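Visitor: Take a look at the following structure, please.
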Amino acid sequence: MGFAKDQLQVLHRLWEHMLSHPFLLGTRDGTLPRETFLRWMQQDYLFVEAAIPFFGVLLSKAPPHHRRPLSQAVEALHKELALFEERAEAVGASLEGVVPTFTCHAYIQFLMATAYQRSYPEAYTVLYAAEKAYHDSWKVVRQGLDPSSPWMPFVENWAGEAFGGYVAYLETELDLLAEAAGPKERARMSELFRLTTLYEIAFWDMALSGAGWPGATDDIWQVRSSEG
Ligand code: MP5
C-alpha cells in the first residue's frame, strides 16, 4: 500500500469523524442555517487566497516535473476565488472586509510555516491531505444535496471528476516522495498528515460554531484598522 492510503488507514477514525461533521451533514440535508454556510464561505475565501502564496513557496522547492501541475493548481485557485465571488453575489452576501477567525488564521500560518520551514515532501503531504479532505468532504455533501441548492457549484468544484483526478495525481506523487524519503522524514510527513486532518475538522467546527477568537467577543475581534 502507498503512503497516502496507509495514512488514511491509520487516521481512519479521525477521517470518518471529519466526514460525519454536522456542518457537512447539515449542508447535505439542507438543514444548515444560511448564515452558517456564509460564514464558511467568507472564511474559506480567505483560506483559498492564502493558498496561492503557499503554492508559490512549494513551487520554489518543487522538482521540475512538478512545476507545471502546481502552476495549473494556482490557476485553478484563481478560478475558485471567482466562484466564491460569483456565489456570494448570487446570494447577496459579501466577502469584503472579512477578518480571519482564530482557526482560519492558525491553519493559514500552519500552511505557510510548513511550506517555508519543511522539506518539499513534508509540505506536499499537507497539500495532499487538505485537497483529499475537501474532495471527500464535498462528496459527502453531494450525496443528497438538493440539485437546485445555491451551494451546488461548490460540490461540483471539489467533488467533481476534474478535482478527483487532481487528487489522484497528488496521491501518486506523494507516494513516490514518501518512497524516496527516509524513515525520519516519513514520520514527519505522517505527523503533518494528522495535523492537517485536525485543522480540517477544526475548520468545519469553526464554521458551524461561529467561534471567532478565544477570549474576545465578536464586536472586538472583527474590528480592524481601515489600513489593514
Ligand atoms: C481546501 C479549502 C481545499 N478550500 N479549504 C480548506 C479549509 N481546506 C482545503 O483547497 P483548494 O485549494 O481550495 O482546493
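All residue names refer to the C-alpha cells as shown: chains lettered A, B, ... in order, residues numbered from 1 in each chain, ligands numbered from 1 in order.
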Can you pull out every residue with an atom within 10 Å of ligand 1? Use only C-alpha atoms and all ligand atoms and format it as a ChimeraX atom specification.
Guide: /A:40-41,43-52,54-55,73-74,76-81,103-104,107-108,126-135,137,154,157-158,163,166-167,196-197,199-204,207
Visitor: Please list as an mmCIF file with C-alpha atoms, in the first residue's frame every residue within 10 Å of Ala123 of chain A, counting only C-alpha atoms and excluding residues in the same chain fewer than 2 positions away.
Guide:
data_model
loop_
_atom_site.group_PDB
_atom_site.id
_atom_site.type_symbol
_atom_site.label_atom_id
_atom_site.label_comp_id
_atom_site.auth_asym_id
_atom_site.auth_seq_id
_atom_site.Cartn_x
_atom_site.Cartn_y
_atom_site.Cartn_z
ATOM 1 C CA PHE A 54 1.537 28.530 -0.164
ATOM 2 C CA PHE A 55 1.738 27.085 -3.676
ATOM 3 C CA VAL A 57 6.649 28.582 -1.834
ATOM 4 C CA LEU A 58 6.027 24.947 -2.777
ATOM 5 C CA LYS A 61 11.130 23.863 -3.791
ATOM 6 C CA LEU A 111 0.368 26.134 5.732
ATOM 7 C CA MET A 112 2.951 28.869 5.349
ATOM 8 C CA ALA A 113 5.200 27.554 8.117
ATOM 9 C CA THR A 114 5.332 24.084 6.583
ATOM 10 C CA ALA A 115 5.971 25.499 3.124
ATOM 11 C CA TYR A 116 8.842 27.712 4.328
ATOM 12 C CA GLN A 117 10.403 25.553 7.012
ATOM 13 C CA ARG A 118 9.852 21.972 5.990
ATOM 14 C CA SER A 119 11.117 19.809 3.176
ATOM 15 C CA TYR A 120 9.203 19.613 -0.084
ATOM 16 C CA PRO A 121 7.810 16.100 0.655
ATOM 17 C CA THR A 125 1.876 16.000 2.444
ATOM 18 C CA VAL A 126 -0.068 18.973 3.815
ATOM 19 C CA LEU A 127 -1.181 19.872 0.306
ATOM 20 C CA TYR A 128 -2.394 16.345 -0.402
ATOM 21 C CA MET A 189 5.151 13.541 6.880
ATOM 22 C CA LEU A 192 1.791 16.593 9.215
ATOM 23 C CA PHE A 193 -0.933 14.462 7.638
#
Visitor: Calculated over only C-alpha atoms, which of the candidates A:Ser94, A:Ser20, A:Arg87, A:Glu35 has the smallest distance to Met152 of chain A?
Guide: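 For Met152 of chain A, the nearest of the candidates is A:Arg87.
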Visitor: Using Å and a single decimal, report how far atom CA of Pro100 of chain A sits from atom CA of Asp219 of chain A.
Guide: 13.8 Å
Visitor: From a DSSP pass on the backbone, collect the residues of chain A flagged as helix (DSSP H, G or I) and hand them back as a VMD selection string.
Guide: chain A and resid 3 to 10 12 to 19 22 to 29 34 to 61 64 to 90 102 to 117 120 to 142 152 to 159 161 to 180 183 to 209 218 to 221
Visitor: Would you mind telling me which residue in A:Glu156, A:Tyr124, A:Ala62, A:Arg186 lies nearest to Leu174 of chain A when using only C-alpha atoms?
Guide: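 Among A:Glu156, A:Tyr124, A:Ala62, A:Arg186, it is A:Tyr124 that comes nearest to Leu174 of chain A.
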Visitor: Quick one: pull the distance between atom CA of Gln109 of chain A and atom CA of Asp175 of chain A, Å, one decimal.
Guide: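 Separating atom CA of Gln109 of chain A from atom CA of Asp175 of chain A is a distance of 25.3 Å.
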Visitor: Kindly indicate which residue among A:Pro69, A:Ala4, A:Gly26, A:Val99 lies nearest to Gly165 of chain A, using only C-alpha atoms for the distances.
Guide: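 Comparing A:Pro69, A:Ala4, A:Gly26, A:Val99 against Gly165 of chain A, the winner is A:Pro69.
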Visitor: Quick one: residues within 12 Å of Trp151 of chain A, only C-alpha atoms counted, chain neighbours fewer than 6 positions away excluded, as a list in words?
Guide: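 The residues satisfying every condition are Leu24, Thr27, Arg28, Asp29, Gly30, Leu32, Arg34, Phe37, Leu38, Trp40, Met41, Leu83, Phe84, Glu86, Arg87, Ala88, Ala90, Val91, Trp138, Val141, Arg142, Leu145, Asn157 and Trp158 of chain A.
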